[in-house]
Amino acid sequence: MTPFGTLTAPAVPLRLANVDTDQLLPGRFLRKPRSDGYDNYLFHDVRRDADGGLRPGFPLNDPRWAGAPILVADRNFGGGSSREGAVYALVDAGIRVVIAPSFGDIFYSNAIKNGLLPIRLPIETVERLWAIAEADPSAPLTVDLETRTVRPANAAPVPFEIDAFHRSCLLAGTDDIDLTLAHADAIAAFERDDRRARPWRAPAA
């Protein structure tokens, strides 16, 4: 997982509330191998017309925000099912930060585990960020995880809250596998002791 420290980049304004995980990644694409990348399927049914062409009015299709790694969304982003593929699609598309007034709980957890920083900010602040991005699509937004602030262009930084453990994992680029491997010596010692204490126990496959 890529560590997250500070990111300064343009932000895509997405004025859509209640974006669920099926909108982020329609279920039929879950059969596709992750190795191919899920970025082409992100927002597929909202982003494309019946013929597969890109809808010009959708913000992620707007060339002014091409490649922008910050998404500023509306309430209840990532609600619905628990599919982790919705986070994969965002990450594969180069999104590193999603700012919204609220998130689906499971989506929020999945985001942290995959190096995507979800930030909760009041709707009034989100509306201000939308207005800045729409007025000047190149306007930089700085997200600083060290100081836990979001700083719009030519404006004072806005603080955000994040669990200390989640913050440390993102700063270090540590996922669940890394956390487990950090205890590899203790796990190996337990297994040796267990084999001595219970020699009749069949070894793990």
# chains A, B, ... in the order shown; residues from 1 in each chain; ligands from 1
>>> select_by_dssp(residues="chain A", states="alpha helix (DSSP H)", output="PyMOL selection string")
chain A and resi 21-24+44-47+85-92+105-113+123-135+164-172+176-181+184-197
>>> select_by_dssp(residues="stretch 63-129 of chain A", states="strand (DSSP E)", output="list of chain:residue names")
A:Ile70, A:Leu71, A:Val72, A:Val97, A:Val98, A:Ile99, A:Ala100, A:Leu117, A:Pro118, A:Ile119, A:Arg120
>>> atom_distance(atom1="atom CA of A:Pro159", atom2="atom CA of A:Phe58")
29.1 Å
>>> atom_distance(atom1="atom CA of A:Val150", atom2="atom CA of A:Leu129")
10.1 Å
>>> residues_around(residues="A:Asn154", least_positions_apart="3", cutoff="10 Å", atoms="only C-alpha atoms", output="ChimeraX atom specification")
/A:139-141,151,157
>>> write_last_selection(atoms="all heavy atoms", output="PDB file, in the first residue's frame")
ATOM      1  N   ALA A 139      -7.564  24.850  -9.593  1.00  0.00           N
ATOM      2  CA  ALA A 139      -7.264  25.316  -8.241  1.00  0.00           C
ATOM      3  C   ALA A 139      -6.758  24.163  -7.376  1.00  0.00           C
ATOM      4  O   ALA A 139      -7.418  23.128  -7.272  1.00  0.00           O
ATOM      5  CB  ALA A 139      -8.508  25.936  -7.605  1.00  0.00           C
ATOM      6  N   PRO A 140      -5.587  24.314  -6.746  1.00  0.00           N
ATOM      7  CA  PRO A 140      -5.056  23.213  -5.944  1.00  0.00           C
ATOM      8  C   PRO A 140      -5.732  23.112  -4.579  1.00  0.00           C
ATOM      9  O   PRO A 140      -6.062  24.116  -3.949  1.00  0.00           O
ATOM     10  CB  PRO A 140      -3.582  23.582  -5.789  1.00  0.00           C
ATOM     11  CG  PRO A 140      -3.570  25.080  -5.852  1.00  0.00           C
ATOM     12  CD  PRO A 140      -4.660  25.462  -6.806  1.00  0.00           C
ATOM     13  N   LEU A 141      -5.915  21.871  -4.155  1.00  0.00           N
ATOM     14  CA  LEU A 141      -6.434  21.575  -2.819  1.00  0.00           C
ATOM     15  C   LEU A 141      -5.364  20.738  -2.130  1.00  0.00           C
ATOM     16  O   LEU A 141      -4.911  19.726  -2.688  1.00  0.00           O
ATOM     17  CB  LEU A 141      -7.740  20.805  -2.918  1.00  0.00           C
ATOM     18  CG  LEU A 141      -8.441  20.418  -1.610  1.00  0.00           C
ATOM     19  CD1 LEU A 141      -8.881  21.664  -0.850  1.00  0.00           C
ATOM     20  CD2 LEU A 141      -9.656  19.530  -1.895  1.00  0.00           C
ATOM     21  N   ARG A 151      -6.598  22.201   2.902  1.00  0.00           N
ATOM     22  CA  ARG A 151      -6.385  23.632   2.671  1.00  0.00           C
ATOM     23  C   ARG A 151      -6.748  23.993   1.235  1.00  0.00           C
ATOM     24  O   ARG A 151      -6.033  23.641   0.292  1.00  0.00           O
ATOM     25  CB  ARG A 151      -4.929  24.020   2.960  1.00  0.00           C
ATOM     26  CG  ARG A 151      -4.682  25.529   2.887  1.00  0.00           C
ATOM     27  CD  ARG A 151      -3.305  25.909   3.376  1.00  0.00           C
ATOM     28  NE  ARG A 151      -2.234  25.414   2.516  1.00  0.00           N
ATOM     29  CZ  ARG A 151      -1.403  24.427   2.825  1.00  0.00           C
ATOM     30  NH1 ARG A 151      -1.521  23.806   3.995  1.00  0.00           N
ATOM     31  NH2 ARG A 151      -0.448  24.052   1.991  1.00  0.00           N
ATOM     32  N   PRO A 157      -6.566  26.593   6.333  1.00  0.00           N
ATOM     33  CA  PRO A 157      -6.771  25.150   6.391  1.00  0.00           C
ATOM     34  C   PRO A 157      -7.988  24.774   7.224  1.00  0.00           C
ATOM     35  O   PRO A 157      -8.335  25.462   8.186  1.00  0.00           O
ATOM     36  CB  PRO A 157      -5.476  24.630   7.033  1.00  0.00           C
ATOM     37  CG  PRO A 157      -4.893  25.794   7.751  1.00  0.00           C
ATOM     38  CD  PRO A 157      -5.303  27.004   6.984  1.00  0.00           C
TER      39      PRO A 157
END
>>> closest_residue(among="A:Asp92, A:Asp20, A:Asp45, A:Asp39", to="A:Ala73", atoms="only C-alpha atoms")
A:Asp20
>>> closest_residue(among="A:Ala17, A:Asn114, A:Arg75, A:Ala86", to="A:His44", atoms="only C-alpha atoms")
A:Ala86
>>> residues_around(residues="A:Ala66", least_positions_apart="3", cutoff="10 Å", atoms="only C-alpha atoms", output="JSON, numbers by chain")
{"A": [10, 11, 12, 59, 60, 61, 62, 63, 69, 137]}
>>> decode(residues="stretch 2-50 of chain A", atoms="N, CA and C atoms", output="compact mmCIF listing (two decimals), in the first residue's frame")
# COMPACT_ATOMS: atom_id res chain seq x y z
N THR A 2 0.59 2.20 -0.85
CA THR A 2 1.40 3.42 -0.96
C THR A 2 1.14 4.33 0.25
N PRO A 3 2.19 4.75 0.96
CA PRO A 3 1.99 5.66 2.10
C PRO A 3 1.33 6.96 1.65
N PHE A 4 0.58 7.55 2.56
CA PHE A 4 -0.07 8.84 2.27
C PHE A 4 0.46 9.86 3.25
N GLY A 5 0.97 10.98 2.71
CA GLY A 5 1.44 12.06 3.56
C GLY A 5 0.69 13.34 3.26
N THR A 6 1.15 14.05 2.23
CA THR A 6 0.51 15.29 1.79
C THR A 6 0.27 15.21 0.29
N LEU A 7 -0.89 15.65 -0.12
CA LEU A 7 -1.25 15.67 -1.54
C LEU A 7 -1.79 17.04 -1.91
N THR A 8 -1.21 17.66 -2.92
CA THR A 8 -1.72 18.93 -3.45
C THR A 8 -2.08 18.72 -4.91
N ALA A 9 -3.36 18.90 -5.22
CA ALA A 9 -3.85 18.62 -6.57
C ALA A 9 -5.23 19.23 -6.76
N PRO A 10 -5.69 19.33 -8.01
CA PRO A 10 -7.07 19.76 -8.25
C PRO A 10 -8.05 18.71 -7.70
N ALA A 11 -9.28 19.15 -7.48
CA ALA A 11 -10.32 18.27 -6.95
C ALA A 11 -11.52 18.24 -7.89
N VAL A 12 -12.10 17.06 -8.06
CA VAL A 12 -13.28 16.91 -8.91
C VAL A 12 -14.54 17.11 -8.07
N PRO A 13 -15.41 18.06 -8.43
CA PRO A 13 -16.65 18.24 -7.68
C PRO A 13 -17.73 17.26 -8.17
N LEU A 14 -18.27 16.47 -7.28
CA LEU A 14 -19.30 15.49 -7.64
C LEU A 14 -20.54 15.77 -6.79
N ARG A 15 -21.48 16.51 -7.37
CA ARG A 15 -22.67 16.90 -6.62
C ARG A 15 -23.75 15.81 -6.70
N LEU A 16 -23.41 14.64 -6.21
CA LEU A 16 -24.36 13.52 -6.18
C LEU A 16 -24.42 12.95 -4.77
N ALA A 17 -25.61 12.92 -4.19
CA ALA A 17 -25.79 12.32 -2.87
C ALA A 17 -26.15 10.85 -3.01
N ASN A 18 -25.89 10.10 -1.95
CA ASN A 18 -26.27 8.68 -1.87
C ASN A 18 -25.68 7.84 -3.01
N VAL A 19 -24.43 8.12 -3.35
CA VAL A 19 -23.74 7.28 -4.33
C VAL A 19 -23.40 5.96 -3.65
N ASP A 20 -24.04 4.87 -4.11
CA ASP A 20 -23.80 3.59 -3.46
C ASP A 20 -22.72 2.80 -4.20
N THR A 21 -22.34 1.67 -3.62
CA THR A 21 -21.23 0.90 -4.17
C THR A 21 -21.59 0.27 -5.52
N ASP A 22 -22.88 0.07 -5.79
CA ASP A 22 -23.26 -0.47 -7.09
C ASP A 22 -23.12 0.58 -8.18
N GLN A 23 -23.27 1.84 -7.84
CA GLN A 23 -23.00 2.91 -8.80
C GLN A 23 -21.50 3.04 -9.04
N LEU A 24 -20.73 2.91 -7.97
CA LEU A 24 -19.28 3.00 -8.11
C LEU A 24 -18.74 1.87 -8.97
N LEU A 25 -19.21 0.65 -8.72
CA LEU A 25 -18.80 -0.50 -9.51
C LEU A 25 -19.98 -1.45 -9.66
N PRO A 26 -20.69 -1.39 -10.79
CA PRO A 26 -21.83 -2.29 -11.00
C PRO A 26 -21.43 -3.76 -10.81
N GLY A 27 -22.35 -4.52 -10.20
CA GLY A 27 -22.03 -5.87 -9.78
C GLY A 27 -21.54 -6.79 -10.89
N ARG A 28 -21.98 -6.57 -12.11
CA ARG A 28 -21.60 -7.49 -13.19
C ARG A 28 -20.11 -7.44 -13.50
N PHE A 29 -19.43 -6.38 -13.05
CA PHE A 29 -18.00 -6.28 -13.32
C PHE A 29 -17.14 -6.94 -12.25
N LEU A 30 -17.77 -7.44 -11.20
CA LEU A 30 -17.01 -8.10 -10.14
C LEU A 30 -16.37 -9.39 -10.63
N ARG A 31 -16.87 -9.92 -11.73
CA ARG A 31 -16.28 -11.15 -12.30
C ARG A 31 -14.99 -10.87 -13.05
N LYS A 32 -14.70 -9.62 -13.31
CA LYS A 32 -13.49 -9.26 -14.02
C LYS A 32 -12.28 -9.39 -13.09
N PRO A 33 -11.13 -9.84 -13.60
CA PRO A 33 -9.95 -9.95 -12.75
C PRO A 33 -9.43 -8.58 -12.33
N ARG A 34 -9.08 -8.44 -11.07
CA ARG A 34 -8.56 -7.17 -10.57
C ARG A 34 -7.28 -6.78 -11.31
N SER A 35 -6.52 -7.76 -11.76
CA SER A 35 -5.26 -7.47 -12.44
C SER A 35 -5.45 -6.64 -13.71
N ASP A 36 -6.66 -6.67 -14.28
CA ASP A 36 -6.94 -5.87 -15.47
C ASP A 36 -7.22 -4.41 -15.13
N GLY A 37 -7.44 -4.14 -13.84
CA GLY A 37 -7.79 -2.78 -13.42
C GLY A 37 -9.29 -2.55 -13.48
N TYR A 38 -9.83 -1.91 -12.45
CA TYR A 38 -11.27 -1.65 -12.39
C TYR A 38 -11.60 -0.22 -12.78
N ASP A 39 -10.60 0.56 -13.18
CA ASP A 39 -10.85 1.98 -13.45
C ASP A 39 -11.82 2.21 -14.59
N ASN A 40 -11.84 1.31 -15.58
CA ASN A 40 -12.76 1.48 -16.71
C ASN A 40 -14.22 1.26 -16.32
N TYR A 41 -14.44 0.66 -15.16
CA TYR A 41 -15.80 0.35 -14.73
C TYR A 41 -16.31 1.33 -13.67
N LEU A 42 -15.46 2.24 -13.23
CA LEU A 42 -15.87 3.20 -12.21
C LEU A 42 -17.02 4.06 -12.70
N PHE A 43 -18.12 4.08 -11.96
CA PHE A 43 -19.32 4.85 -12.31
C PHE A 43 -19.84 4.48 -13.70
N HIS A 44 -19.64 3.25 -14.12
CA HIS A 44 -19.91 2.87 -15.50
C HIS A 44 -21.29 3.27 -15.98
N ASP A 45 -22.33 2.92 -15.21
CA ASP A 45 -23.70 3.14 -15.70
C ASP A 45 -24.16 4.58 -15.57
N VAL A 46 -23.46 5.36 -14.77
CA VAL A 46 -23.77 6.79 -14.64
C VAL A 46 -22.92 7.59 -15.62
N ARG A 47 -21.73 7.09 -15.84
CA ARG A 47 -20.73 7.81 -16.62
C ARG A 47 -20.90 7.61 -18.13
N ARG A 48 -21.53 6.49 -18.51
CA ARG A 48 -21.64 6.15 -19.92
C ARG A 48 -23.10 6.05 -20.36
N ASP A 49 -23.34 6.26 -21.65
CA ASP A 49 -24.69 6.13 -22.20
C ASP A 49 -24.93 4.69 -22.63
N ALA A 50 -26.09 4.43 -23.20
CA ALA A 50 -26.48 3.06 -23.57
C ALA A 50 -25.54 2.44 -24.59
